[in-house]
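What follows is the content of coords35.cif, which has mmCIF, C-alpha atoms:
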data_coords
loop_
_atom_site.label_atom_id
_atom_site.label_comp_id
_atom_site.auth_asym_id
_atom_site.auth_seq_id
_atom_site.Cartn_x
_atom_site.Cartn_y
_atom_site.Cartn_z
CA MET Q 234 88.04 115.71 147.64
CA GLU Q 235 91.36 114.73 149.11
CA VAL Q 236 91.24 111.23 147.69
CA VAL Q 237 90.67 112.52 144.16
CA GLY Q 238 93.50 115.03 144.58
CA GLN Q 239 95.89 112.32 145.66
CA LEU Q 240 94.86 109.98 142.88
CA GLN Q 241 95.26 112.77 140.35
CA LYS Q 242 98.71 113.63 141.62
CA GLN Q 243 99.80 109.99 141.48
CA TYR Q 244 98.42 109.81 137.96
CA VAL Q 245 100.27 112.92 136.79
CA ASP Q 246 103.51 111.68 138.37
CA PHE Q 247 103.13 108.31 136.70
CA ILE Q 248 102.25 109.54 133.21
CA THR Q 249 105.01 112.14 133.43
CA SER Q 250 107.52 109.40 134.16
CA LEU Q 251 106.22 107.43 131.18
CA PHE Q 252 106.89 110.41 128.91
CA ARG Q 253 110.26 111.04 130.46
CA GLU Q 254 111.31 107.43 129.91
CA ALA Q 255 109.92 107.53 126.37
CA TYR Q 256 107.46 104.70 126.92
CA LEU Q 257 104.84 107.05 125.57
CA ASP Q 258 105.03 110.14 123.43
CA ASP Q 259 102.79 113.02 122.43
CA GLN Q 260 100.59 110.79 120.28
CA TYR Q 261 99.10 109.33 123.48
CA VAL Q 262 98.06 112.82 124.54
CA GLN Q 263 96.46 113.26 121.10
CA LEU Q 264 94.43 110.11 121.74
CA GLN Q 265 93.27 111.46 125.08
CA LYS Q 266 92.19 114.70 123.41
CA LEU Q 267 90.02 112.72 121.01
CA GLN Q 268 88.13 111.24 123.95
CA ASP Q 269 85.09 113.16 125.13
CA ASP Q 270 81.61 112.58 126.50
CA SER Q 271 80.39 111.30 123.15
CA ASN Q 272 83.32 108.88 122.99
CA PRO Q 273 84.25 108.20 126.61
CA GLU Q 274 85.97 104.89 125.88
CA PHE Q 275 88.04 105.95 122.91
CA VAL Q 276 91.48 105.53 124.47
CA VAL Q 277 90.63 102.15 126.00
CA GLU Q 278 89.28 100.95 122.66
CA VAL Q 279 92.34 102.02 120.71
CA VAL Q 280 94.74 100.62 123.32
CA SER Q 281 92.83 97.32 123.39
CA ILE Q 282 93.07 97.00 119.63
CA PHE Q 283 96.78 97.75 119.92
CA PHE Q 284 97.26 94.97 122.47
CA GLU Q 285 95.37 92.41 120.39
CA ASP Q 286 97.00 93.38 117.10
CA SER Q 287 100.46 93.33 118.65
CA GLU Q 288 100.12 89.86 120.16
CA LYS Q 289 99.15 88.54 116.76
CA LEU Q 290 101.97 90.38 115.00
CA LEU Q 291 104.52 89.09 117.51
CA ASN Q 292 103.35 85.54 116.87
CA ASP Q 293 103.50 86.05 113.11
CA LEU Q 294 106.97 87.52 113.42
CA ALA Q 295 108.25 84.69 115.59
CA SER Q 296 106.99 82.02 113.23
CA SER Q 297 108.23 83.78 110.10
CA LEU Q 298 111.75 83.96 111.53
CA LEU Q 299 111.70 80.30 112.33
CA VAL Q 300 112.71 77.89 109.64
CA SER Q 301 111.66 74.38 110.22
CA ILE Q 302 113.47 71.79 108.25
CA SER Q 303 113.06 69.24 110.96
CA LEU Q 304 111.68 66.79 108.43
CA PHE Q 305 115.23 66.26 107.28
CA TRP Q 306 116.15 65.11 110.74
CA VAL Q 307 113.26 62.65 110.79
CA PHE Q 308 114.33 61.32 107.41
CA ILE Q 309 117.85 60.73 108.62
CA LEU Q 310 116.63 58.87 111.65
CA CYS Q 311 114.48 56.69 109.44
CA LEU Q 312 117.49 55.70 107.38
CA ARG Q 313 118.83 54.01 110.49
CA PRO Q 314 122.42 54.83 109.70
CA SER Q 315 125.35 53.70 111.77
CA LEU Q 316 126.18 55.96 114.70
CA LEU Q 317 129.20 57.48 112.97
CA LEU Q 318 127.25 58.16 109.80
CA MET Q 319 124.44 59.66 111.85
CA VAL Q 320 126.84 62.02 113.61
CA VAL Q 321 128.36 63.09 110.30
CA LEU Q 322 124.95 63.59 108.71
CA PHE Q 323 123.62 65.57 111.67
CA PHE Q 324 126.68 67.79 111.57
CA LEU Q 325 126.29 68.42 107.84
CA LEU Q 326 122.60 69.06 108.25
CA PHE Q 327 123.29 71.48 111.07
CA LEU Q 328 125.63 73.46 108.83
CA PHE Q 329 123.16 73.33 105.99
CA GLN Q 330 120.39 74.56 108.23
CA LEU Q 331 122.50 77.50 109.36
CA TYR Q 332 123.19 78.42 105.77
CA SER Q 333 119.71 77.85 104.44
CA GLN Q 334 118.01 79.82 107.15
CA GLN Q 335 119.50 82.90 105.60
CA GLN Q 336 117.99 82.01 102.26
CA VAL Q 337 114.73 80.53 103.37
CA VAL Q 338 113.51 83.28 105.70
CA ASP Q 339 111.17 85.59 103.83
CA PHE Q 340 112.61 88.90 104.96
CA LYS Q 341 110.10 90.78 102.89
CA LYS Q 342 107.29 89.15 104.81
CA VAL Q 343 109.02 89.88 108.12
CA ASP Q 344 109.50 93.49 107.05
CA GLY Q 345 105.80 93.69 106.26
CA TYR Q 346 104.88 92.62 109.78
CA VAL Q 347 107.39 95.01 111.33
CA HIS Q 348 106.04 97.84 109.20
CA GLN Q 349 102.57 97.13 110.58
CA PHE Q 350 103.85 96.98 114.13
CA LYS Q 351 105.79 100.19 113.69
CA GLY Q 352 102.64 101.84 112.39
CA SER Q 353 100.34 100.72 115.16
CA SER Q 354 102.80 101.50 117.95
CA SER Q 355 103.37 104.92 116.44
CA SER Q 356 99.61 105.56 116.25
CA VAL Q 357 99.20 104.74 119.92
CA GLY Q 358 102.25 106.68 121.10
CA ALA Q 359 104.31 103.66 122.16
CA GLN Q 360 107.62 105.31 121.34
CA ARG Q 361 110.09 102.70 122.55
CA VAL Q 362 108.28 99.95 120.69
CA LYS Q 363 108.25 102.07 117.55
CA ASN Q 364 111.97 102.79 117.81
CA ALA Q 365 112.78 99.12 118.30
CA CYS Q 366 110.72 98.36 115.19
CA VAL Q 367 112.71 100.88 113.16
CA THR Q 368 115.97 99.13 114.07
CA LEU Q 369 114.41 95.73 113.40
CA ARG Q 370 113.42 96.89 109.94
CA ASN Q 371 117.01 97.86 109.21
CA PHE Q 372 118.12 94.33 110.04
CA CYS Q 373 115.41 92.99 107.75
CA GLU Q 374 116.69 95.14 104.92
CA GLU Q 375 120.18 93.78 105.50
CA LYS Q 376 118.75 90.26 105.68
CA ASN Q 377 120.56 89.91 108.97
CA LEU Q 378 118.86 86.97 110.63
CA ASP Q 379 120.81 87.23 113.84
CA GLY Q 380 120.06 90.93 114.16
CA CYS Q 381 116.41 90.28 113.41
CA SER Q 382 116.11 87.62 116.08
CA ARG Q 383 117.79 89.79 118.67
CA TYR Q 384 115.71 92.82 117.90
CA LEU Q 385 112.50 90.87 117.74
CA ASN Q 386 113.19 89.94 121.34
CA LEU Q 387 113.71 93.58 122.16
CA VAL Q 388 110.52 94.61 120.38
CA LYS Q 389 108.65 91.94 122.32
CA GLN Q 390 110.19 93.11 125.59
CA GLU Q 391 109.33 96.74 124.94
CA PHE Q 392 105.80 95.82 123.98
CA TYR Q 393 105.13 93.92 127.18
CA LEU Q 394 106.68 96.74 129.20
CA VAL Q 395 104.47 99.39 127.64
CA LYS Q 396 101.45 97.11 127.86
CA ASN Q 397 102.01 96.83 131.57
CA LYS Q 398 102.44 100.60 131.93
CA LEU Q 399 99.33 101.34 129.87
CA GLU Q 400 97.23 98.90 131.85
CA THR Q 401 98.35 100.60 135.05
CA LEU Q 402 97.67 104.03 133.57
CA LEU Q 403 94.18 103.13 132.44
CA ARG Q 404 93.46 101.56 135.82
CA MET Q 405 94.51 104.78 137.54
CA GLU Q 406 92.20 106.75 135.22
CA GLN Q 407 89.33 104.47 136.19
CA GLN Q 408 90.05 105.00 139.88
CA ILE Q 409 89.96 108.76 139.47
CA LEU Q 410 86.67 108.60 137.59
CA GLN Q 411 85.15 106.25 140.13
CA ALA Q 412 86.18 108.60 142.92
CA GLY Q 413 84.24 111.31 141.12
CA GLY Q 414 87.18 113.23 139.69
CA THR Q 415 88.35 114.06 136.19
CA VAL Q 416 91.50 112.73 134.58
CA PRO Q 417 94.11 115.51 134.33
CA LEU Q 418 95.26 116.02 130.78
CA LEU Q 419 98.87 116.86 130.05
CA GLU Q 420 98.33 119.59 127.51
CA GLN Q 421 101.69 119.10 126.00
CA VAL Q 422 104.54 116.70 126.52
CA PRO Q 423 107.30 118.85 128.00
CA LEU Q 424 109.86 119.80 125.34
CA LEU Q 425 112.63 118.12 127.31
CA TRP Q 426 111.27 114.71 126.49
CA LYS Q 427 110.05 115.40 122.99
CA GLN Q 428 112.10 113.33 120.57
CA MET B 220 76.82 107.12 110.71
CA GLY B 221 74.20 109.86 110.77
CA GLY B 222 71.06 109.28 108.80
CA VAL B 223 70.24 112.94 108.58
CA ALA B 224 71.16 114.39 105.23
CA SER B 225 72.67 117.80 105.62
CA GLU B 226 73.58 119.96 102.65
CA THR B 227 76.48 121.50 104.47
CA GLN B 228 77.92 118.28 105.80
CA PHE B 229 80.85 116.93 103.83
CA HIS B 230 81.26 113.24 103.22
CA VAL B 231 84.75 111.83 103.54
CA LEU B 232 85.80 108.36 102.50
CA ALA B 233 88.74 107.05 104.53
CA VAL B 234 90.76 104.04 103.41
CA ASP B 235 93.28 102.21 105.60
CA ASP B 236 94.13 98.57 106.17
CA SER B 237 95.18 99.18 109.79
CA LEU B 238 92.33 98.91 112.30
CA ILE B 239 93.94 101.33 114.73
CA ASP B 240 94.52 103.92 112.03
CA ARG B 241 90.94 103.51 110.81
CA LYS B 242 89.65 104.18 114.30
CA LEU B 243 91.91 107.20 114.59
CA ILE B 244 91.06 108.78 111.26
CA GLU B 245 87.38 108.17 111.78
CA ARG B 246 87.46 109.89 115.14
CA LEU B 247 89.55 112.78 113.82
CA LEU B 248 87.16 113.32 110.91
CA LYS B 249 84.07 113.06 113.08
CA THR B 250 85.37 115.68 115.52
CA SER B 251 85.48 117.98 112.49
CA SER B 252 81.82 117.14 111.89
CA TYR B 253 82.35 115.31 108.66
CA GLN B 254 80.21 112.40 107.65
CA VAL B 255 82.63 109.49 107.46
CA THR B 256 82.73 106.18 105.64
CA VAL B 257 85.71 103.99 106.45
CA VAL B 258 86.84 101.00 104.41
CA ASP B 259 89.76 98.66 104.96
CA SER B 260 91.07 98.20 101.43
CA GLY B 261 91.58 99.88 98.09
CA ALA B 262 89.29 97.31 96.49
CA LYS B 263 86.45 98.14 98.88
CA ALA B 264 87.05 101.84 98.23
CA LEU B 265 86.69 101.31 94.48
CA GLU B 266 83.57 99.29 95.09
CA PHE B 267 82.10 102.03 97.27
CA LEU B 268 82.94 104.66 94.70
CA GLY B 269 81.38 102.57 91.99
CA LEU B 270 84.62 102.21 90.09
CA ILE B 271 84.71 98.45 89.89
CA GLU B 272 86.16 97.35 86.60
CA ASP B 273 83.59 95.55 84.52
CA ASP B 274 84.98 93.38 81.74
CA SER B 275 81.81 93.69 79.73
CA ILE B 276 82.20 97.44 79.41
CA ASP B 277 84.65 98.78 76.89
CA SER B 278 87.26 101.24 78.09
CA ASN B 279 85.48 104.28 76.68
CA SER B 280 82.32 103.98 78.66
CA ASN B 281 84.01 102.68 81.81
CA SER B 282 84.42 106.13 83.26
CA THR B 283 80.83 107.16 82.83
CA ARG B 284 79.37 103.99 84.31
CA ARG B 285 79.02 103.98 88.05
CA ASN B 286 77.26 101.16 89.79
CA ARG B 287 74.24 101.16 92.01
CA HIS B 288 74.15 103.97 94.51
CA GLU B 289 75.91 107.12 93.46
CA VAL B 290 77.04 108.22 96.85
CA GLU B 291 78.47 111.67 96.91
CA VAL B 292 81.97 111.76 98.29
CA ASN B 293 83.61 115.12 98.86
CA LEU B 294 87.06 113.93 99.78
CA ILE B 295 89.01 110.69 99.83
CA ILE B 296 91.77 110.16 102.34
CA THR B 297 93.80 107.01 101.89
CA ASP B 298 96.79 105.20 103.33
CA TYR B 299 99.61 104.72 100.84
CA CYS B 300 100.86 101.26 101.84
CA MET B 301 98.08 98.74 101.56
CA PRO B 302 98.10 95.16 100.32
CA GLY B 303 96.52 94.67 96.90
CA ILE B 304 95.34 98.01 95.54
CA THR B 305 97.59 100.61 97.14
CA GLY B 306 96.65 104.18 97.96
CA TYR B 307 98.67 105.22 94.93
CA ASP B 308 96.71 102.85 92.66
CA LEU B 309 93.52 104.27 94.12
CA LEU B 310 94.69 107.82 93.43
CA ILE B 311 95.41 106.95 89.79
CA LYS B 312 92.05 105.27 89.28
CA ILE B 313 90.17 108.20 90.80
CA LYS B 314 92.01 110.75 88.70
CA GLU B 315 91.35 108.68 85.58
CA SER B 316 87.65 108.59 86.28
CA THR B 317 85.59 111.27 84.54
CA SER B 318 83.07 111.40 87.34
CA LEU B 319 85.50 111.40 90.24
CA LYS B 320 88.63 113.14 89.00
CA ASP B 321 87.70 116.38 90.70
CA VAL B 322 87.26 114.80 94.11
CA PRO B 323 90.24 115.80 96.26
CA VAL B 324 92.44 112.90 97.32
CA VAL B 325 94.78 113.03 100.31
CA ILE B 326 97.44 110.42 100.94
CA MET B 327 98.61 109.27 104.39
CA SER B 328 101.87 107.47 104.99
CA SER B 329 104.19 106.51 107.82
CA GLU B 330 107.20 106.93 105.51
CA ASN B 331 108.62 110.39 105.01
CA ASP B 332 109.85 109.64 101.51
CA PRO B 333 110.26 112.81 99.40
CA SER B 334 110.08 110.96 96.08
CA ARG B 335 106.91 109.17 97.17
CA ILE B 336 105.38 112.47 98.29
CA ASN B 337 106.29 114.23 95.04
CA ASN B 338 105.01 111.34 93.00
CA CYS B 339 101.62 111.48 94.70
CA LEU B 340 101.33 115.24 94.43
CA GLU B 341 102.27 115.11 90.76
CA ARG B 342 99.59 112.50 90.15
CA GLY B 343 97.00 114.84 91.57
CA ALA B 344 96.90 114.27 95.32
CA GLU B 345 95.91 117.44 97.16
CA ASP B 346 98.02 116.77 100.18
CA PHE B 347 100.20 114.21 101.89
CA PHE B 348 99.92 113.56 105.63
CA LEU B 349 102.58 111.86 107.69
CA LYS B 350 101.27 109.32 110.16
CA PRO B 351 100.18 109.46 112.87
CA VAL B 352 97.71 111.95 111.46
CA GLN B 353 96.99 114.88 113.76
CA GLN B 354 93.99 117.12 114.29
CA SER B 355 96.00 119.93 112.68
CA ASP B 356 96.30 117.84 109.50
CA VAL B 357 92.57 117.18 109.41
CA ASN B 358 91.94 120.91 109.85
CA LYS B 359 93.82 121.43 106.58
CA LEU B 360 91.16 119.47 104.72
CA ARG B 361 88.46 122.10 104.97
CA PRO B 362 89.77 124.44 102.22
CA HIS B 363 89.99 121.49 99.81
CA LEU B 364 86.42 120.55 100.62
CA LEU B 365 85.06 124.09 100.40
CA ARG B 366 86.61 124.52 96.97
CA GLY B 367 84.62 121.58 95.70
CA LYS B 368 81.26 122.79 96.91
CA PRO B 369 79.30 125.32 94.81
#
Represent the supplied structure as structure tokens.
Amino acid sequence: MEVVGQLQKQYVDFITSLFREAYLDDQYVQLQKLQDDSNPEFVVEVVSIFFEDSEKLLNDLASSLLVSISLFWVFILCLRPSLLLMVVLFFLLFLFQLYSQQQVVDFKKVDGYVHQFKGSSSSVGAQRVKNACVTLRNFCEEKNLDGCSRYLNLVKQEFYLVKNKLETLLRMEQQILQAGGTVPLLEQVPLLWKQ
Amino acid sequence: MGGVASETQFHVLAVDDSLIDRKLIERLLKTSSYQVTVVDSGAKALEFLGLIEDDSIDSNSNSTRRNRHEVEVNLIITDYCMPGITGYDLLIKIKESTSLKDVPVVIMSSENDPSRINNCLERGAEDFFLKPVQQSDVNKLRPHLLRGKP
């Protein structure tokens, strides 16, 4: 069927580009190989778990990197100091907050979350996410809060990118199946793009 | 979870705190036609194996006492990094147990740490798989399992 042929070609082109741009790696192909008639939804199930898990991890990461000592601010306001005193106190508190954030953030906890994220992205074949996690972990080890915050944003970005790509990919697979065709399997990720 | 008891079917216990990795290892093991039980913690693994520590039992008889059902397990494959009882702790406890010390234990880890690997192998692990675990890794389990069966 011409329609199936076209859909299959579009699919192959798309998934090939995902490998080339390192959104996905060989592990994704391994997942596809584990899918068969007895487990026809395996890839969708694993990818869905990945999406859910990741959203939760991203939230946990964001909140663990955030140090809230806003109560201090409320306390100061309650003291009703003069304007000058308030400015001085706010300034001192601002400096203190900058300093204490370094001490108060539980980098070990953050590292734990990143380790989990690195693991799950690696298991699904989300290579760029995994790589971003590796760098983020290095910042955690150095207790570099600024680095951590920056890389968390990158990890988040990469996750949403790959989520988008995977959703498209799975949709294309569905279309092929609905049109009565089979999903072409890339036997092996071309060596050029193997990291 | 097949209810049919087959003499030739091996039973593998898989332990991992990551849901994705549990799904993966379960699928990998099932494609090799193993009967699989998956648990999400070292504590649950000990419970399943009947190795829960009982304060009322003195240390001498601890190893011969196994609770409730004595399920036969032919191989245990466990993640290294887990909260609470780690895969390493699990390995130690199994090797210390008179009834289970001969059951092959395989460790999985995302970290390629030579000292960690050596440590596990020295403590009696049969093999060490780097995550993500592949079909080729699971294929390596068969010789370990066949050795155990009479």
Item checked: chain B contacts on chain Q, all atoms listed in the file, 10 Å, as a PyMOL selection string -> chain Q and resi 260+263-264+266-269+272+275+278-283+286+345+348-358
Next item on the list: Could you tell me which of Q:Leu251, Q:Leu322, Q:Leu418, Q:Cys373 comes closest to Leu394 of chain Q if we count all atoms listed in the file?
Entry: Q:Leu251
Note to self: as a list in words, please: the residues near Glu291 of chain B (cut-off 10 Å, only C-alpha atoms, same-chain neighbours under 6 positions excluded).
What the structure shows: Phe229, His230, Val231, Leu232, Leu268, Leu319 and Val322 of chain B
Checklist line | Residues selected by the PyMOL selection byres ((chain B and resi 367) around 12), written as an NGL selection string | finding: :B and (227 or 229-230 or 291-294 or 319-324 or 360-366 or 368-369)
Keeping C-alpha atoms for every residue in the selection just given, could you write it to a file as a CSV table (one decimal), in the frame of the given file?
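This is the output file selection28.csv:
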chain,number,residue,atom,x,y,z
B,227,THR,CA,76.5,121.5,104.5
B,229,PHE,CA,80.8,116.9,103.8
B,230,HIS,CA,81.3,113.2,103.2
B,291,GLU,CA,78.5,111.7,96.9
B,292,VAL,CA,82.0,111.8,98.3
B,293,ASN,CA,83.6,115.1,98.9
B,294,LEU,CA,87.1,113.9,99.8
B,319,LEU,CA,85.5,111.4,90.2
B,320,LYS,CA,88.6,113.1,89.0
B,321,ASP,CA,87.7,116.4,90.7
B,322,VAL,CA,87.3,114.8,94.1
B,323,PRO,CA,90.2,115.8,96.3
B,324,VAL,CA,92.4,112.9,97.3
B,360,LEU,CA,91.2,119.5,104.7
B,361,ARG,CA,88.5,122.1,105.0
B,362,PRO,CA,89.8,124.4,102.2
B,363,HIS,CA,90.0,121.5,99.8
B,364,LEU,CA,86.4,120.6,100.6
B,365,LEU,CA,85.1,124.1,100.4
B,366,ARG,CA,86.6,124.5,97.0
B,368,LYS,CA,81.3,122.8,96.9
B,369,PRO,CA,79.3,125.3,94.8
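If you count all atoms listed in the file and ignore residues fewer than 3 places along the chain from Gln408 of chain Q, what sits within 12 Å of it is Q:Val236, Q:Val237, Q:Gly238, Q:Gln239, Q:Leu240, Q:Gln241, Q:Gln243, Q:Tyr244, Q:Thr401, Q:Leu402, Q:Leu403, Q:Arg404, Q:Met405, Q:Gln411, Q:Ala412, Q:Gly413, Q:Gly414, Q:Thr415, Q:Val416.
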Note to self: One number please: atom CA of Tyr253 of chain B to atom CA of Thr297 of chain B, in Å, one decimal.
What the structure shows: 15.7 Å
Check: How far is it from atom CA of Phe340 of chain Q to atom CA of Asp308 of chain B, in Å with one decimal?
Finding: 24.5 Å
Notebook entry, point to check: Do you know which residues lie at most 6 Å from (86.6, 108.9, 109.4), with coordinates as in the file and all atoms listed in the file counted, and could you write them as a list in words?
Noted result: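 Checking each residue against the 6 Å limit leaves Ala233, Ile244, Glu245, Arg246, Leu248, Val255 and Val257 of chain B.
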Check: Which of these residues is nearest to Asn337 of chain B, using all atoms listed in the file: B:Tyr307, B:Leu265, B:Lys359, B:Ser316?
Finding: B:Tyr307
Next item on the list: Tell me, in Å to one decimal, how far atom CA of Glu288 of chain Q is from atom CA of Arg241 of chain B.
Entry: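 Straight-line distance from atom CA of Glu288 of chain Q to atom CA of Arg241 of chain B works out to 18.9 Å.
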Next item on the list: Determine the residue membership of the PyMOL selection byres ((chain B and resi 343) around 10) for the file above and supply it as a count of residues only.
Entry: 18
Note to self: the PyMOL selection byres ((chain Q and resi 292) around 12) - which residues does that actually catch in the file I just gave you? List them as a ChimeraX atom specification.
What the structure shows: /Q:285-291,293-299,343,346-347,350,385-386,389
May I have the centre and edge lengths, in Å to one decimal, of an axis-aligned box around the listed atoms of segment 296-304 of chain B with 4 Å added to every side, as lines of an AutoDock Vina configuration file?
center_x = 96.3
center_y = 102.4
center_z = 99.4
size_x = 17.1
size_y = 23.5
size_z = 15.8
Check: If we count all atoms listed in the file, what is near Leu387 of chain Q at a cut-off of 12 Å, once residues fewer than 6 positions away on the same chain are taken out, given as a PyMOL selection string?
Finding: chain Q and resi 291+361-369+380-381+393-394
Atoms are missing here; could segment 375-400 of chain Q be completed with N, CA and C atoms and written as a short mmCIF file (atom, residue, chain, number, x, y, z; two decimals), in the coordinates of the input?
data_model
loop_
_atom_site.label_atom_id
_atom_site.label_comp_id
_atom_site.auth_asym_id
_atom_site.auth_seq_id
_atom_site.Cartn_x
_atom_site.Cartn_y
_atom_site.Cartn_z
N GLU Q 375 118.85 94.36 105.67
CA GLU Q 375 120.18 93.78 105.50
C GLU Q 375 120.13 92.26 105.44
N LYS Q 376 118.95 91.71 105.61
CA LYS Q 376 118.75 90.26 105.68
C LYS Q 376 119.64 89.64 106.76
N ASN Q 377 119.74 90.35 107.85
CA ASN Q 377 120.56 89.91 108.97
C ASN Q 377 119.69 89.13 109.95
N LEU Q 378 119.74 87.81 109.83
CA LEU Q 378 118.86 86.97 110.63
C LEU Q 378 119.14 87.09 112.13
N ASP Q 379 120.43 87.14 112.43
CA ASP Q 379 120.81 87.23 113.84
C ASP Q 379 120.31 88.54 114.46
N GLY Q 380 120.53 89.62 113.72
CA GLY Q 380 120.06 90.93 114.16
C GLY Q 380 118.56 90.96 114.33
N CYS Q 381 117.87 90.34 113.36
CA CYS Q 381 116.41 90.28 113.41
C CYS Q 381 115.93 89.55 114.65
N SER Q 382 116.53 88.41 114.91
CA SER Q 382 116.11 87.62 116.08
C SER Q 382 116.33 88.39 117.36
N ARG Q 383 117.48 89.03 117.46
CA ARG Q 383 117.79 89.79 118.67
C ARG Q 383 116.81 90.94 118.86
N TYR Q 384 116.58 91.67 117.78
CA TYR Q 384 115.71 92.82 117.90
C TYR Q 384 114.24 92.46 118.04
N LEU Q 385 113.89 91.31 117.53
CA LEU Q 385 112.50 90.87 117.74
C LEU Q 385 112.27 90.67 119.24
N ASN Q 386 113.29 90.12 119.89
CA ASN Q 386 113.19 89.94 121.34
C ASN Q 386 113.05 91.27 122.05
N LEU Q 387 113.78 92.25 121.55
CA LEU Q 387 113.71 93.58 122.16
C LEU Q 387 112.34 94.20 121.93
N VAL Q 388 111.84 94.06 120.72
CA VAL Q 388 110.52 94.61 120.38
C VAL Q 388 109.46 93.99 121.30
N LYS Q 389 109.59 92.68 121.47
CA LYS Q 389 108.65 91.94 122.32
C LYS Q 389 108.72 92.46 123.76
N GLN Q 390 109.96 92.62 124.24
CA GLN Q 390 110.19 93.11 125.59
C GLN Q 390 109.56 94.47 125.79
N GLU Q 391 109.85 95.38 124.84
CA GLU Q 391 109.33 96.74 124.94
C GLU Q 391 107.81 96.75 124.90
N PHE Q 392 107.25 95.87 124.07
CA PHE Q 392 105.80 95.82 123.98
C PHE Q 392 105.18 95.44 125.32
N TYR Q 393 105.72 94.36 125.92
CA TYR Q 393 105.13 93.92 127.18
C TYR Q 393 105.32 94.94 128.30
N LEU Q 394 106.44 95.67 128.22
CA LEU Q 394 106.68 96.74 129.20
C LEU Q 394 105.61 97.82 129.06
N VAL Q 395 105.42 98.30 127.84
CA VAL Q 395 104.47 99.39 127.64
C VAL Q 395 103.02 98.93 127.87
N LYS Q 396 102.79 97.66 127.61
CA LYS Q 396 101.45 97.11 127.86
C LYS Q 396 101.15 97.20 129.35
N ASN Q 397 102.13 96.79 130.12
CA ASN Q 397 102.01 96.83 131.57
C ASN Q 397 101.77 98.26 132.06
N LYS Q 398 102.57 99.20 131.53
CA LYS Q 398 102.44 100.60 131.93
C LYS Q 398 101.06 101.16 131.56
N LEU Q 399 100.63 100.83 130.34
CA LEU Q 399 99.33 101.34 129.87
C LEU Q 399 98.19 100.78 130.70
N GLU Q 400 98.28 99.51 131.05
CA GLU Q 400 97.23 98.90 131.85
C GLU Q 400 97.14 99.60 133.21
#
